[in-house]
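Trainee: Below you'll find the structure I mean.
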Amino acid sequence: MRMTLPWRLFISYAVVIAIGAAVAYVTVRLLAPTFFDHEMTMLGGDHMGMGSGPGGQGGPAASVQSAFSSALTAALLFGTLASVVAAALAAGFVTQRLLRPLNAVRVATRLIAAGHYQASVPVPHEPELAALAGDVNTLAAKLADTETRRTRLLGEVAHEMRTPLTALEGYVEGLIDGVFAPEPEILGAASDELRRLRRLADDLSALSRAEEQRLDLHLASTDLADLARQAASRLAPQFSDSNVALTVEASGALPVQADPDRITQVLTNIIGNALTATPAGGSVSVRTSAQGHSAQAVVADTGIGLAARDLERVFERFYRVPGQPRRSSGSGIGLTIARGIARAHGGDVTVASAGPGHGATFTLTLPLRTVS
């Protein structure tokens with residue numbers, strides 16, 4: 001296992017100290033004999049010139065002591081200077097090794113702040129710095145993905161708006177040119193396109209609030225089973241018109257703390273999607289139950305089903321499953337909003353399918369309310 005950064009710093013400075021001490025020792029060890037010999041030579045010359053009569057001050061022992069002291073002092077000065085230089089070089093090297101990845105992180109963050117999301121930080125060997133570099137790279141990737149999704153959203157919104165706007169333009173030009181008479185049928189068709197635009201605008205606003213976690217939730221004690229029954233009952237006439245059987249199993253109460261209108265919106269969207277995906281003669285079932293500390297509403301259909309690659313993509317904005325009928329009134333972001341609403345309540349919306357042609361099962365999960 002790699003050492004942590006504090007230990008690496010401690011060991012690095014200990015190495016610097018050891019290098020300084022070793023250089024000082026070696027310098028003194030090498031230079032002291034040279035200086036000593038030099039001092040002894042100088043003292044020997046002085047004695048030959050001065051003699052060693054009774055009037056001389058000191059003897060051979062004092063001369064040797066003086067020479068040794070002078071040599072040791074000079075060797076220590078040189079050794080200290082050499083150790084300082086060596087320690088400074090070692091400390092500079094170690095510091096540069098530690099600062100290099102931090103400088104790389106700083107450069108990368110500046111590039112990311114400037115909008116260059118492709119910038120990445122080389123991953124160093126130190127675990128802590130490697131984790132920091134990994135976080136910065138992850139941030140850059142997330143920002144790049146967000147920017148890509150934003151650009152794609154603009155294109156998708158423009159595409160969704162183009163159809164009703166083109167239709168409205170045709171109706172208006174026809175009325176101006178006298179091709180169409182201002183009859184209720186023409187005005188009604190134009191009104192339908194306007195409602196589609198209004199619904200798209202409302203859905204986009206709800207999607208923005210859901211993704212930014214700014215949904216206005218009016219929480220209250222409510223029953224998920226009752227909400228499921230009401231949503232199914234509201235859509236029952238459409239099931240009858242489409243010749244699709246609808247069964248509801250929601251007998252026991254499931255107390256939850258939730259916004260009834262928002263959860264009804266989620267259930268209506270899921271049940272409505274099940275109806276759209278189920279051909280005539282098929283069936284859709286709505287079941288509610290308690291699973292541990294969670295309340296669940298499960299909507300299962302016998303429709304076109306989902307491939308494994310589509311299980312998460314159905315929650316993407318404007319994504320439509322290949323082969324599924326395109327509803328003229330749908331905006332393509334209902335499931336995205338539904339999941340956002342569920343997660344804002346501390347729950348989720350998930351989907352499972354055995355594959356194309358085998359139907360799909362959507363599950364709304366919310367935390368059960370604790371009854372004191």
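Just so we're on the same page: first chain in the structure tokens is A, next is B, and so on; residues restart at 1 for each chain, and ligands are numbered from 1 in the order they show up.
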For A:Arg110, work out the shell of residues within 12 Å, counting only C-alpha atoms and skipping chain neighbours fewer than 4 positions away, then give it as a list in words.

Mentor: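 Returned residues: Asn103, Ala104, Val105, Arg106, Ala114, Gly115, His116, Tyr117, Ala119, Ser120, Val121, Val136 and Ala140 of chain A.
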
Trainee: Write out as a VMD selection string the set of residues from stretch 140-334 of chain A that DSSP, computed on the backbone, places in strand (DSSP E).

Mentor: chain A and resid 220 to 223 245 to 249 255 to 258 283 to 291 294 to 301

Trainee: Skip A:Arg229 itself and residues of its chain fewer than 4 positions away, then list as a list in words all residues within 8 Å of it, counting only C-alpha atoms.

Mentor: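 Surrounding residues, per the criterion: Ala225, Ser233, Val248 and Ala250 of chain A.
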
Trainee: Which distance in Å separates atom CA of A:His159 and atom CA of A:Leu335, to one decimal?

Mentor: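 Between atom CA of A:His159 and atom CA of A:Leu335 the gap is 18.8 Å.
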
Trainee: Please provide the set of residues having any atom within 8 Å of A:Thr268, restricted to only C-alpha atoms, with same-chain residues fewer than 2 positions apart removed, written as a list in words.

Mentor: Ala231, Ala232, Leu235, Thr264, Gln265, Val266, Ile270, Ile271 and Gly272 of chain A

Trainee: Could you give me, as a ChimeraX atom specification, each residue of stretch 115-239 of chain A that DSSP assigns to alpha helix (DSSP H) when run on this structure's backbone?

Mentor: /A:127-177,184-211,224-239

Trainee: Could you list, as a ChimeraX atom specification, every residue within 12 Å of A:Arg97, counting only C-alpha atoms and ignoring same-chain residues fewer than 4 positions away?

Mentor: /A:8-9,12,90-93,101-104,124-126,129

Trainee: Using N, CA, C and O atoms, can you export the residues from the last selection as a PDB file, in the first residue's frame?

Mentor:
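Output contents, as saved in out_34.pdb:
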```pdb
ATOM      1  N   ARG A   8       4.557  10.823   3.881  1.00  0.00           N
ATOM      2  CA  ARG A   8       5.526  11.152   2.843  1.00  0.00           C
ATOM      3  C   ARG A   8       6.225  12.474   3.154  1.00  0.00           C
ATOM      4  O   ARG A   8       7.435  12.617   2.942  1.00  0.00           O
ATOM      5  N   LEU A   9       5.478  13.456   3.644  1.00  0.00           N
ATOM      6  CA  LEU A   9       6.094  14.731   4.018  1.00  0.00           C
ATOM      7  C   LEU A   9       7.069  14.543   5.175  1.00  0.00           C
ATOM      8  O   LEU A   9       8.181  15.086   5.170  1.00  0.00           O
ATOM      9  N   SER A  12      10.091  12.740   3.948  1.00  0.00           N
ATOM     10  CA  SER A  12      10.887  13.561   3.037  1.00  0.00           C
ATOM     11  C   SER A  12      11.749  14.555   3.810  1.00  0.00           C
ATOM     12  O   SER A  12      12.932  14.742   3.505  1.00  0.00           O
ATOM     13  N   ALA A  90      17.997  19.263  -1.706  1.00  0.00           N
ATOM     14  CA  ALA A  90      17.097  18.135  -1.469  1.00  0.00           C
ATOM     15  C   ALA A  90      15.681  18.607  -1.173  1.00  0.00           C
ATOM     16  O   ALA A  90      14.696  18.044  -1.689  1.00  0.00           O
ATOM     17  N   ALA A  91      15.574  19.666  -0.337  1.00  0.00           N
ATOM     18  CA  ALA A  91      14.245  20.195  -0.018  1.00  0.00           C
ATOM     19  C   ALA A  91      13.568  20.749  -1.266  1.00  0.00           C
ATOM     20  O   ALA A  91      12.357  20.578  -1.473  1.00  0.00           O
ATOM     21  N   GLY A  92      14.340  21.439  -2.102  1.00  0.00           N
ATOM     22  CA  GLY A  92      13.774  21.963  -3.343  1.00  0.00           C
ATOM     23  C   GLY A  92      13.277  20.857  -4.258  1.00  0.00           C
ATOM     24  O   GLY A  92      12.206  20.973  -4.863  1.00  0.00           O
ATOM     25  N   PHE A  93      14.039  19.782  -4.331  1.00  0.00           N
ATOM     26  CA  PHE A  93      13.638  18.657  -5.173  1.00  0.00           C
ATOM     27  C   PHE A  93      12.359  18.025  -4.657  1.00  0.00           C
ATOM     28  O   PHE A  93      11.421  17.751  -5.428  1.00  0.00           O
ATOM     29  N   PRO A 101       2.060  18.104  -9.140  1.00  0.00           N
ATOM     30  CA  PRO A 101       0.657  17.731  -9.383  1.00  0.00           C
ATOM     31  C   PRO A 101      -0.326  18.808  -8.949  1.00  0.00           C
ATOM     32  O   PRO A 101      -1.383  18.970  -9.561  1.00  0.00           O
ATOM     33  N   LEU A 102       0.001  19.567  -7.877  1.00  0.00           N
ATOM     34  CA  LEU A 102      -0.891  20.642  -7.461  1.00  0.00           C
ATOM     35  C   LEU A 102      -0.941  21.744  -8.505  1.00  0.00           C
ATOM     36  O   LEU A 102      -2.001  22.330  -8.770  1.00  0.00           O
ATOM     37  N   ASN A 103       0.194  22.048  -9.101  1.00  0.00           N
ATOM     38  CA  ASN A 103       0.211  23.040 -10.171  1.00  0.00           C
ATOM     39  C   ASN A 103      -0.598  22.554 -11.372  1.00  0.00           C
ATOM     40  O   ASN A 103      -1.284  23.337 -12.034  1.00  0.00           O
ATOM     41  N   ALA A 104      -0.523  21.250 -11.643  1.00  0.00           N
ATOM     42  CA  ALA A 104      -1.313  20.690 -12.744  1.00  0.00           C
ATOM     43  C   ALA A 104      -2.804  20.828 -12.463  1.00  0.00           C
ATOM     44  O   ALA A 104      -3.596  21.134 -13.369  1.00  0.00           O
ATOM     45  N   PRO A 124      -1.209  11.618 -10.262  1.00  0.00           N
ATOM     46  CA  PRO A 124       0.095  11.344  -9.641  1.00  0.00           C
ATOM     47  C   PRO A 124       0.064  10.050  -8.840  1.00  0.00           C
ATOM     48  O   PRO A 124      -0.972   9.387  -8.706  1.00  0.00           O
ATOM     49  N   HIS A 125       1.240   9.694  -8.258  1.00  0.00           N
ATOM     50  CA  HIS A 125       1.335   8.445  -7.500  1.00  0.00           C
ATOM     51  C   HIS A 125       0.794   8.593  -6.078  1.00  0.00           C
ATOM     52  O   HIS A 125       0.343   7.612  -5.491  1.00  0.00           O
ATOM     53  N   GLU A 126       0.861   9.804  -5.496  1.00  0.00           N
ATOM     54  CA  GLU A 126       0.397   9.993  -4.130  1.00  0.00           C
ATOM     55  C   GLU A 126      -1.106   9.771  -4.054  1.00  0.00           C
ATOM     56  O   GLU A 126      -1.862  10.350  -4.856  1.00  0.00           O
ATOM     57  N   LEU A 129      -3.256  13.098  -3.605  1.00  0.00           N
ATOM     58  CA  LEU A 129      -3.208  13.935  -4.799  1.00  0.00           C
ATOM     59  C   LEU A 129      -3.879  13.232  -5.977  1.00  0.00           C
ATOM     60  O   LEU A 129      -4.499  13.883  -6.827  1.00  0.00           O
TER      61      LEU A 129
END
```

Trainee: Pick out the closest residue to A:His38 from this set: A:Ala74, A:Ala220, A:Ala201, A:Ile263. Count only C-alpha atoms.

Mentor: A:Ala74

Trainee: In Å, rounded to a single decimal, give me how far atom CA of A:Leu77 is from atom CA of A:Val15.

Mentor: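 Calculated distance between atom CA of A:Val15 and atom CA of A:Leu77 is 21.9 Å.
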